[in-house]
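Text of entry12.pdb, listed as PDB, C-alpha atoms:
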ATOM      1  CA  MET X   1       0.000   0.000   0.000
ATOM      2  CA  THR X   2       1.347   3.376  -0.905
ATOM      3  CA  ARG X   3      -1.681   5.439   0.008
ATOM      4  CA  TYR X   4       0.328   7.451   2.576
ATOM      5  CA  THR X   5       2.617   8.638  -0.233
ATOM      6  CA  LEU X   6      -0.393   9.814  -2.196
ATOM      7  CA  PHE X   7      -1.662  11.726   0.820
ATOM      8  CA  THR X   8       1.635  13.357   1.835
ATOM      9  CA  SER X   9       2.397  14.357  -1.756
ATOM     10  CA  ILE X  10      -0.982  15.866  -2.615
ATOM     11  CA  PHE X  11      -1.175  17.619   0.754
ATOM     12  CA  ASN X  12       2.260  19.169   0.121
ATOM     13  CA  ARG X  13       0.921  20.611  -3.145
ATOM     14  CA  LEU X  14      -2.334  21.809  -1.618
ATOM     15  CA  THR X  15      -0.555  23.534   1.273
ATOM     16  CA  GLY X  16       1.934  25.061  -1.168
ATOM     17  CA  VAL X  17      -0.881  26.574  -3.238
ATOM     18  CA  ALA X  18      -2.531  27.824  -0.044
ATOM     19  CA  LEU X  19       0.721  29.500   1.013
ATOM     20  CA  SER X  20       0.933  31.203  -2.389
ATOM     21  CA  VAL X  21      -2.432  32.778  -1.610
ATOM     22  CA  GLY X  22      -1.013  33.708   1.800
ATOM     23  CA  LEU X  23       1.799  35.488  -0.026
ATOM     24  CA  ILE X  24      -0.796  37.774  -1.628
ATOM     25  CA  ALA X  25      -2.081  38.633   1.866
ATOM     26  CA  LEU X  26       1.488  39.316   3.058
ATOM     27  CA  VAL X  27       2.200  41.729   0.198
ATOM     28  CA  TYR X  28      -1.208  43.398   0.660
ATOM     29  CA  TRP X  29      -0.306  43.898   4.341
ATOM     30  CA  LEU X  30       3.152  45.306   3.483
ATOM     31  CA  MET X  31       1.627  47.701   0.943
ATOM     32  CA  ALA X  32      -0.856  48.825   3.603
ATOM     33  CA  VAL X  33       2.012  49.486   6.045
ATOM     34  CA  ALA X  34       3.760  51.552   3.361
ATOM     35  CA  GLY X  35       0.546  53.396   2.519
ATOM     36  CA  GLY X  36       0.489  55.257   5.825
ATOM     37  CA  ARG X  37      -1.632  55.125   8.974
ATOM     38  CA  GLN X  38      -5.051  55.514   7.343
ATOM     39  CA  SER X  39      -4.432  52.897   4.687
ATOM     40  CA  TYR X  40      -3.078  50.552   7.345
ATOM     41  CA  GLU X  41      -6.112  51.000   9.573
ATOM     42  CA  ARG X  42      -8.407  50.251   6.644
ATOM     43  CA  ALA X  43      -6.459  47.112   5.753
ATOM     44  CA  TYR X  44      -6.197  46.101   9.411
ATOM     45  CA  ALA X  45      -9.978  46.225   9.766
ATOM     46  CA  ILE X  46     -10.293  43.857   6.796
ATOM     47  CA  LEU X  47      -7.417  41.564   7.819
ATOM     48  CA  SER X  48      -8.596  41.201  11.430
ATOM     49  CA  SER X  49     -12.179  40.255  10.596
ATOM     50  CA  GLY X  50     -13.484  37.120  12.280
ATOM     51  CA  LEU X  51     -13.909  35.121   9.092
ATOM     52  CA  LEU X  52     -10.241  35.576   8.178
ATOM     53  CA  LYS X  53      -9.178  33.977  11.459
ATOM     54  CA  VAL X  54     -10.283  30.671   9.968
ATOM     55  CA  VAL X  55      -8.078  31.463   6.955
ATOM     56  CA  TYR X  56      -5.106  32.226   9.235
ATOM     57  CA  ALA X  57      -5.636  28.950  11.061
ATOM     58  CA  GLY X  58      -5.601  27.214   7.675
ATOM     59  CA  LEU X  59      -2.454  29.066   6.637
ATOM     60  CA  LEU X  60      -0.809  28.064   9.916
ATOM     61  CA  VAL X  61      -1.553  24.392   9.213
ATOM     62  CA  ALA X  62      -0.333  24.850   5.629
ATOM     63  CA  PHE X  63       2.899  26.535   6.760
ATOM     64  CA  CYS X  64       3.740  23.888   9.382
ATOM     65  CA  TYR X  65       3.010  20.965   7.084
ATOM     66  CA  HIS X  66       4.732  22.425   4.005
ATOM     67  CA  LEU X  67       7.809  23.289   6.092
ATOM     68  CA  VAL X  68       8.181  19.822   7.605
ATOM     69  CA  ALA X  69       7.238  17.939   4.418
ATOM     70  CA  GLY X  70       9.654  20.164   2.494
ATOM     71  CA  ILE X  71      12.493  19.216   4.826
ATOM     72  CA  ARG X  72      11.599  15.547   4.195
ATOM     73  CA  HIS X  73      11.918  16.219   0.458
ATOM     74  CA  LEU X  74      15.323  17.859   0.971
ATOM     75  CA  ILE X  75      16.512  14.787   2.892
ATOM     76  CA  TRP X  76      15.226  12.572   0.057
ATOM     77  CA  ASP X  77      17.249  14.695  -2.384
ATOM     78  CA  THR X  78      20.428  13.586  -0.623
ATOM     79  CA  GLY X  79      19.456   9.992  -1.472
ATOM     80  CA  ARG X  80      18.514   9.048   2.081
ATOM     81  CA  GLY X  81      15.265   7.617   3.398
ATOM     82  CA  LEU X  82      13.925   6.355   0.095
ATOM     83  CA  GLU X  83      13.323   2.765   1.186
ATOM     84  CA  ARG X  84       9.658   1.828   1.553
ATOM     85  CA  THR X  85       9.774   1.262   5.310
ATOM     86  CA  GLN X  86      11.792   4.437   5.885
ATOM     87  CA  SER X  87       9.475   6.614   3.822
ATOM     88  CA  LYS X  88       6.438   5.180   5.585
ATOM     89  CA  ARG X  89       8.012   6.011   8.937
ATOM     90  CA  SER X  90       9.044   9.519   7.824
ATOM     91  CA  ALA X  91       5.486  10.178   6.586
ATOM     92  CA  GLY X  92       4.316   9.531  10.146
ATOM     93  CA  VAL X  93       7.082  11.735  11.551
ATOM     94  CA  VAL X  94       6.105  14.578   9.184
ATOM     95  CA  ILE X  95       2.470  14.442  10.300
ATOM     96  CA  ALA X  96       3.381  14.186  14.003
ATOM     97  CA  VAL X  97       5.919  17.050  13.907
ATOM     98  CA  SER X  98       3.580  19.325  11.951
ATOM     99  CA  VAL X  99       0.744  18.647  14.396
ATOM    100  CA  VAL X 100       3.063  19.599  17.293
ATOM    101  CA  LEU X 101       4.119  22.776  15.431
ATOM    102  CA  VAL X 102       0.498  23.696  14.692
ATOM    103  CA  VAL X 103      -0.419  23.282  18.365
ATOM    104  CA  LEU X 104       2.586  25.318  19.597
ATOM    105  CA  LEU X 105       2.280  28.174  17.078
ATOM    106  CA  GLY X 106      -1.518  28.062  17.224
ATOM    107  CA  TYR X 107      -1.421  28.408  21.019
ATOM    108  CA  TRP X 108       0.983  31.361  20.675
ATOM    109  CA  ALA X 109      -0.973  33.115  17.935
ATOM    110  CA  PHE X 110      -4.556  32.459  19.013
ATOM    111  CA  LEU X 111      -4.375  32.101  22.812
ATOM    112  CA  ALA X 112      -1.183  33.198  24.556
ATOM    113  CA  GLY X 113      -1.223  36.906  23.776
ATOM    114  CA  GLY X 114      -0.728  36.459  20.034
ATOM    115  CA  HIS X 115      -2.292  38.760  17.461
ATOM    116  CA  ALA X 116      -4.980  36.410  16.208
ATOM    117  CA  GLN X 117      -7.122  36.343  19.366
TER     118      GLN X 117
ATOM    119  CA  MET A   1       1.607  21.975 -49.634
ATOM    120  CA  LYS A   2      -1.298  21.618 -47.260
ATOM    121  CA  SER A   3       0.087  23.879 -44.582
ATOM    122  CA  LEU A   4       2.259  26.926 -44.338
ATOM    123  CA  ARG A   5       4.239  25.246 -41.559
ATOM    124  CA  SER A   6       7.522  23.679 -42.631
ATOM    125  CA  PRO A   7       8.355  20.125 -41.492
ATOM    126  CA  LEU A   8      11.043  21.609 -39.267
ATOM    127  CA  GLY A   9       8.613  24.077 -37.718
ATOM    128  CA  ARG A  10       6.241  21.218 -36.894
ATOM    129  CA  VAL A  11       8.754  19.213 -34.888
ATOM    130  CA  GLY A  12      10.469  22.191 -33.262
ATOM    131  CA  GLY A  13       9.901  22.601 -29.547
ATOM    132  CA  LEU A  14       8.596  19.072 -29.030
ATOM    133  CA  GLY A  15      11.637  17.842 -27.156
ATOM    134  CA  SER A  16      13.169  18.792 -23.852
ATOM    135  CA  ALA A  17      13.586  22.495 -23.195
ATOM    136  CA  LYS A  18      16.743  21.553 -21.260
ATOM    137  CA  SER A  19      15.695  23.696 -18.335
ATOM    138  CA  GLY A  20      14.288  20.968 -16.076
ATOM    139  CA  VAL A  21      17.372  20.591 -13.903
ATOM    140  CA  HIS A  22      17.620  24.354 -13.519
ATOM    141  CA  HIS A  23      14.001  24.497 -12.346
ATOM    142  CA  TRP A  24      14.549  21.593  -9.932
ATOM    143  CA  TRP A  25      17.731  23.127  -8.527
ATOM    144  CA  LEU A  26      16.166  26.572  -7.973
ATOM    145  CA  GLN A  27      13.185  24.953  -6.242
ATOM    146  CA  ARG A  28      15.657  23.279  -3.843
ATOM    147  CA  LEU A  29      17.786  26.393  -3.291
ATOM    148  CA  THR A  30      14.742  28.534  -2.516
ATOM    149  CA  SER A  31      13.268  25.897  -0.195
ATOM    150  CA  ILE A  32      16.518  25.670   1.809
ATOM    151  CA  ALA A  33      16.566  29.464   2.173
ATOM    152  CA  LEU A  34      12.899  29.580   3.153
ATOM    153  CA  VAL A  35      13.353  27.278   6.169
ATOM    154  CA  PRO A  36      15.179  29.871   8.338
ATOM    155  CA  LEU A  37      13.493  32.869   6.655
ATOM    156  CA  THR A  38       9.914  31.760   7.311
ATOM    157  CA  ILE A  39      10.703  30.648  10.866
ATOM    158  CA  TRP A  40      12.326  34.040  11.530
ATOM    159  CA  PHE A  41       9.300  35.853  10.061
ATOM    160  CA  THR A  42       6.700  33.851  11.995
ATOM    161  CA  VAL A  43       8.509  34.174  15.330
ATOM    162  CA  SER A  44       9.174  37.904  14.746
ATOM    163  CA  ILE A  45       5.555  38.707  13.888
ATOM    164  CA  LEU A  46       4.254  36.751  16.879
ATOM    165  CA  SER A  47       6.832  38.441  19.159
ATOM    166  CA  LEU A  48       5.750  41.979  18.226
ATOM    167  CA  PRO A  49       3.936  43.579  21.177
ATOM    168  CA  SER A  50       1.103  44.638  18.861
ATOM    169  CA  LEU A  51       0.311  44.943  15.174
ATOM    170  CA  ASP A  52      -0.626  48.629  15.153
ATOM    171  CA  HIS A  53       0.883  50.884  12.511
ATOM    172  CA  VAL A  54       3.549  52.517  14.726
ATOM    173  CA  THR A  55       4.863  49.171  15.999
ATOM    174  CA  VAL A  56       4.915  47.507  12.560
ATOM    175  CA  MET A  57       6.558  50.561  10.946
ATOM    176  CA  ALA A  58       9.274  50.692  13.591
ATOM    177  CA  TRP A  59       9.927  46.984  13.091
ATOM    178  CA  VAL A  60      10.039  47.056   9.272
ATOM    179  CA  ALA A  61      12.227  50.189   9.303
ATOM    180  CA  GLN A  62      15.059  48.428  11.158
ATOM    181  CA  SER A  63      17.827  47.696   8.652
ATOM    182  CA  TRP A  64      18.097  43.973   9.340
ATOM    183  CA  THR A  65      14.342  43.502   9.325
ATOM    184  CA  ALA A  66      13.987  45.344   6.008
ATOM    185  CA  LEU A  67      16.822  43.367   4.469
ATOM    186  CA  LEU A  68      15.516  39.973   5.616
ATOM    187  CA  LEU A  69      11.956  40.900   4.603
ATOM    188  CA  ILE A  70      13.162  41.780   1.088
ATOM    189  CA  VAL A  71      14.997  38.452   0.838
ATOM    190  CA  LEU A  72      11.912  36.644   2.176
ATOM    191  CA  VAL A  73       9.555  38.294  -0.324
ATOM    192  CA  LEU A  74      11.880  37.632  -3.273
ATOM    193  CA  VAL A  75      12.705  34.019  -2.369
ATOM    194  CA  ALA A  76       9.095  33.199  -1.411
ATOM    195  CA  THR A  77       7.650  34.614  -4.639
ATOM    196  CA  TYR A  78      10.256  32.754  -6.684
ATOM    197  CA  HIS A  79       9.571  29.484  -4.833
ATOM    198  CA  SER A  80       5.834  30.056  -5.268
ATOM    199  CA  GLN A  81       6.249  30.781  -8.980
ATOM    200  CA  LEU A  82       8.217  27.550  -9.495
ATOM    201  CA  GLY A  83       5.685  25.509  -7.517
ATOM    202  CA  ILE A  84       2.533  26.944  -9.093
ATOM    203  CA  GLN A  85       4.144  26.514 -12.514
ATOM    204  CA  VAL A  86       4.487  22.765 -11.898
ATOM    205  CA  VAL A  87       0.897  22.521 -10.664
ATOM    206  CA  VAL A  88      -0.367  24.353 -13.789
ATOM    207  CA  GLU A  89       1.750  22.179 -16.081
ATOM    208  CA  ASP A  90       0.491  19.013 -14.364
ATOM    209  CA  TYR A  91      -3.224  19.766 -14.262
ATOM    210  CA  ILE A  92      -3.975  22.119 -17.165
ATOM    211  CA  HIS A  93      -3.536  20.537 -20.575
ATOM    212  CA  SER A  94      -5.790  22.582 -22.799
ATOM    213  CA  GLY A  95      -4.886  25.751 -24.652
ATOM    214  CA  MET A  96      -5.394  27.557 -21.359
ATOM    215  CA  LYS A  97      -2.031  26.300 -20.098
ATOM    216  CA  THR A  98       0.165  28.964 -21.684
ATOM    217  CA  LEU A  99      -2.254  31.758 -20.847
ATOM    218  CA  THR A 100      -2.440  30.559 -17.228
ATOM    219  CA  LEU A 101       1.357  30.457 -16.994
ATOM    220  CA  VAL A 102       1.584  34.006 -18.350
ATOM    221  CA  ILE A 103      -0.919  35.255 -15.755
ATOM    222  CA  VAL A 104       0.772  33.293 -12.937
ATOM    223  CA  THR A 105       4.169  34.768 -13.845
ATOM    224  CA  PHE A 106       2.816  38.319 -14.092
ATOM    225  CA  VAL A 107       1.073  38.027 -10.712
ATOM    226  CA  HIS A 108       4.264  36.718  -9.070
ATOM    227  CA  ALA A 109       6.388  39.476 -10.616
ATOM    228  CA  LEU A 110       3.898  42.049  -9.363
ATOM    229  CA  LEU A 111       3.929  40.525  -5.861
ATOM    230  CA  ALA A 112       7.729  40.602  -5.736
ATOM    231  CA  VAL A 113       8.004  44.198  -6.928
ATOM    232  CA  ALA A 114       5.141  45.439  -4.715
ATOM    233  CA  GLY A 115       6.563  43.689  -1.661
ATOM    234  CA  VAL A 116      10.079  45.064  -2.129
ATOM    235  CA  PHE A 117       8.722  48.533  -2.946
ATOM    236  CA  ALA A 118       6.613  48.593   0.223
ATOM    237  CA  ILE A 119       9.500  47.475   2.446
ATOM    238  CA  LEU A 120      11.918  50.021   0.941
ATOM    239  CA  LYS A 121       9.359  52.797   1.260
ATOM    240  CA  VAL A 122       8.954  52.104   4.985
ATOM    241  CA  ALA A 123      12.708  51.565   5.506
ATOM    242  CA  PHE A 124      13.570  54.893   3.888
ATOM    243  CA  GLY A 125      10.940  56.718   5.893
ATOM    244  CA  GLY A 126       8.447  57.349   3.115
ATOM    245  CA  ALA A 127       5.403  56.028   4.979
ATOM    246  CA  SER A 128       3.924  57.813   7.966
TER     247      SER A 128
END
Just dump the structure as structure tokens.
Amino acid sequence: MTRYTLFTSIFNRLTGVALSVGLIALVYWLMAVAGGRQSYERAYAILSSGLLKVVYAGLLVAFCYHLVAGIRHLIWDTGRGLERTQSKRSAGVVIAVSVVLVVLLGYWAFLAGGHAQ
Amino acid sequence: MKSLRSPLGRVGGLGSAKSGVHHWWLQRLTSIALVPLTIWFTVSILSLPSLDHVTVMAWVAQSWTALLLIVLVLVATYHSQLGIQVVVEDYIHSGMKTLTLVIVTFVHALLAVAGVFAILKVAFGGAS
């Protein structure tokens, strides 16, 4: 069974596309900062709306997964970890580590005094 | 002569563009750079005491912040361009493929230029 490979691969693509959309938000935010106080306050009102918090949570998941899965790809590029049993184990490690990262960063951003409360 | 296209013109461009390795290598280079850059950005943003205009301006205006932000925007848009390009090439096969790639490239170029412009404007004190 290689279903885990299918999942980790397609999820890496999906999260990558999601992060590309996040890049648009980042540049929009930077342009708002450069536009002066009024433009920033207008953008801030849009960016801090409740609905977008769901988007930020999604982007956080996408960032954590894409980061960890990307590191797995870089290790593969060195020729290591390509055996079936190894790749199955590393797929589990990728999911576990990204879940831990999501919980840590999510706690910081959404609960412990972060900006997404 | 049934067509104006010469036999050579018909077979041209059907083989390898010989740029696959270059694309693969740049995808790797940008991903290595993005590991520390994105971690730095996430931790920095979350560490800011608030996200009001004065605080964000003061942060972006610091030389090292501005420099790293410019590198982040450039490397991230390049990495995104390379990745989206592969997704388009894999899933869009109709005549829309080339048009989609043109739009994708233009949007990424715009994002890169806008991002760098905004950072420089704040860093050089043009936004208040």
Show which residues sit within 12 Å of Tyr40 (chain X), as a PDB file with C-alpha atoms, keeping the file's coordinate frame. Count all atoms listed in the file, and ignore same-chain residues fewer than 2 positions away.
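Written output follows (around.pdb):
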ATOM      1  CA  TYR X  28      -1.208  43.398   0.660  1.00  0.00           C
ATOM      2  CA  TRP X  29      -0.306  43.898   4.341  1.00  0.00           C
ATOM      3  CA  LEU X  30       3.152  45.306   3.483  1.00  0.00           C
ATOM      4  CA  MET X  31       1.627  47.701   0.943  1.00  0.00           C
ATOM      5  CA  ALA X  32      -0.856  48.825   3.603  1.00  0.00           C
ATOM      6  CA  VAL X  33       2.012  49.486   6.045  1.00  0.00           C
ATOM      7  CA  ALA X  34       3.760  51.552   3.361  1.00  0.00           C
ATOM      8  CA  GLY X  35       0.546  53.396   2.519  1.00  0.00           C
ATOM      9  CA  GLY X  36       0.489  55.257   5.825  1.00  0.00           C
ATOM     10  CA  ARG X  37      -1.632  55.125   8.974  1.00  0.00           C
ATOM     11  CA  GLN X  38      -5.051  55.514   7.343  1.00  0.00           C
ATOM     12  CA  ARG X  42      -8.407  50.251   6.644  1.00  0.00           C
ATOM     13  CA  ALA X  43      -6.459  47.112   5.753  1.00  0.00           C
ATOM     14  CA  TYR X  44      -6.197  46.101   9.411  1.00  0.00           C
ATOM     15  CA  ALA X  45      -9.978  46.225   9.766  1.00  0.00           C
ATOM     16  CA  ILE X  46     -10.293  43.857   6.796  1.00  0.00           C
ATOM     17  CA  LEU X  47      -7.417  41.564   7.819  1.00  0.00           C
ATOM     18  CA  SER X  48      -8.596  41.201  11.430  1.00  0.00           C
TER      19      SER X  48
ATOM     20  CA  LEU A  51       0.311  44.943  15.174  1.00  0.00           C
ATOM     21  CA  ASP A  52      -0.626  48.629  15.153  1.00  0.00           C
ATOM     22  CA  HIS A  53       0.883  50.884  12.511  1.00  0.00           C
ATOM     23  CA  VAL A  54       3.549  52.517  14.726  1.00  0.00           C
ATOM     24  CA  THR A  55       4.863  49.171  15.999  1.00  0.00           C
ATOM     25  CA  VAL A  56       4.915  47.507  12.560  1.00  0.00           C
ATOM     26  CA  MET A  57       6.558  50.561  10.946  1.00  0.00           C
ATOM     27  CA  ALA A 127       5.403  56.028   4.979  1.00  0.00           C
ATOM     28  CA  SER A 128       3.924  57.813   7.966  1.00  0.00           C
TER      29      SER A 128
END
Distance-based interface of chain X with chain A, 10 Å, counting only C-alpha atoms, as a PyMOL selection string: chain X and resi 13-14+16-17+19-21+23-41+44+60+63-64+67-68+70-71+73-74+77+105+108-109+113-116
Would you mind reading off the distance between CA of Leu67 (chain A) and CA of Tyr56 (chain X), one decimal, in Å?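 Interatomic distance here is 25.1 Å.
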Please report the interatomic distance between CA of Gly22 (chain X) and CA of Val55 (chain X) in Å with one decimal.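 CA of Gly22 (chain X) sits 9.0 Å away from CA of Val55 (chain X).
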Picked residues, the PyMOL selection byres ((chain X and resi 88-103) around 6), as number ranges by chain: X: 61, 64-65, 68-69, 85-87, 104-107
Å distance separating CA of Leu26 (chain A) from CA of Gly13 (chain A), one decimal place: 22.8 Å
Could region 105-118 of chain A be completed with N, CA and C atoms and written as a PDB file, in the coordinates of the input, please?
ATOM      1  N   THR A 105       2.864  34.094 -13.894  1.00  0.00           N
ATOM      2  CA  THR A 105       4.169  34.768 -13.845  1.00  0.00           C
ATOM      3  C   THR A 105       4.017  36.263 -13.597  1.00  0.00           C
ATOM      4  N   PHE A 106       3.037  36.884 -14.283  1.00  0.00           N
ATOM      5  CA  PHE A 106       2.816  38.319 -14.092  1.00  0.00           C
ATOM      6  C   PHE A 106       2.426  38.622 -12.645  1.00  0.00           C
ATOM      7  N   VAL A 107       1.528  37.795 -12.091  1.00  0.00           N
ATOM      8  CA  VAL A 107       1.073  38.027 -10.712  1.00  0.00           C
ATOM      9  C   VAL A 107       2.254  37.910  -9.743  1.00  0.00           C
ATOM     10  N   HIS A 108       3.112  36.893  -9.960  1.00  0.00           N
ATOM     11  CA  HIS A 108       4.264  36.718  -9.070  1.00  0.00           C
ATOM     12  C   HIS A 108       5.260  37.874  -9.193  1.00  0.00           C
ATOM     13  N   ALA A 109       5.473  38.341 -10.428  1.00  0.00           N
ATOM     14  CA  ALA A 109       6.388  39.476 -10.616  1.00  0.00           C
ATOM     15  C   ALA A 109       5.842  40.710  -9.905  1.00  0.00           C
ATOM     16  N   LEU A 110       4.535  40.903 -10.025  1.00  0.00           N
ATOM     17  CA  LEU A 110       3.898  42.049  -9.363  1.00  0.00           C
ATOM     18  C   LEU A 110       4.033  41.945  -7.846  1.00  0.00           C
ATOM     19  N   LEU A 111       3.811  40.734  -7.313  1.00  0.00           N
ATOM     20  CA  LEU A 111       3.929  40.525  -5.861  1.00  0.00           C
ATOM     21  C   LEU A 111       5.346  40.840  -5.381  1.00  0.00           C
ATOM     22  N   ALA A 112       6.340  40.374  -6.129  1.00  0.00           N
ATOM     23  CA  ALA A 112       7.729  40.602  -5.736  1.00  0.00           C
ATOM     24  C   ALA A 112       8.059  42.088  -5.728  1.00  0.00           C
ATOM     25  N   VAL A 113       7.682  42.774  -6.816  1.00  0.00           N
ATOM     26  CA  VAL A 113       8.004  44.198  -6.928  1.00  0.00           C
ATOM     27  C   VAL A 113       7.242  45.005  -5.871  1.00  0.00           C
ATOM     28  N   ALA A 114       5.946  44.709  -5.699  1.00  0.00           N
ATOM     29  CA  ALA A 114       5.141  45.439  -4.715  1.00  0.00           C
ATOM     30  C   ALA A 114       5.688  45.234  -3.310  1.00  0.00           C
ATOM     31  N   GLY A 115       6.038  43.986  -2.993  1.00  0.00           N
ATOM     32  CA  GLY A 115       6.563  43.689  -1.661  1.00  0.00           C
ATOM     33  C   GLY A 115       7.855  44.437  -1.376  1.00  0.00           C
ATOM     34  N   VAL A 116       8.788  44.387  -2.314  1.00  0.00           N
ATOM     35  CA  VAL A 116      10.079  45.064  -2.129  1.00  0.00           C
ATOM     36  C   VAL A 116       9.880  46.576  -2.064  1.00  0.00           C
ATOM     37  N   PHE A 117       9.014  47.095  -2.952  1.00  0.00           N
ATOM     38  CA  PHE A 117       8.722  48.533  -2.946  1.00  0.00           C
ATOM     39  C   PHE A 117       8.188  48.980  -1.586  1.00  0.00           C
ATOM     40  N   ALA A 118       7.231  48.217  -1.054  1.00  0.00           N
ATOM     41  CA  ALA A 118       6.613  48.593   0.223  1.00  0.00           C
ATOM     42  C   ALA A 118       7.643  48.597   1.352  1.00  0.00           C
TER      43      ALA A 118
END
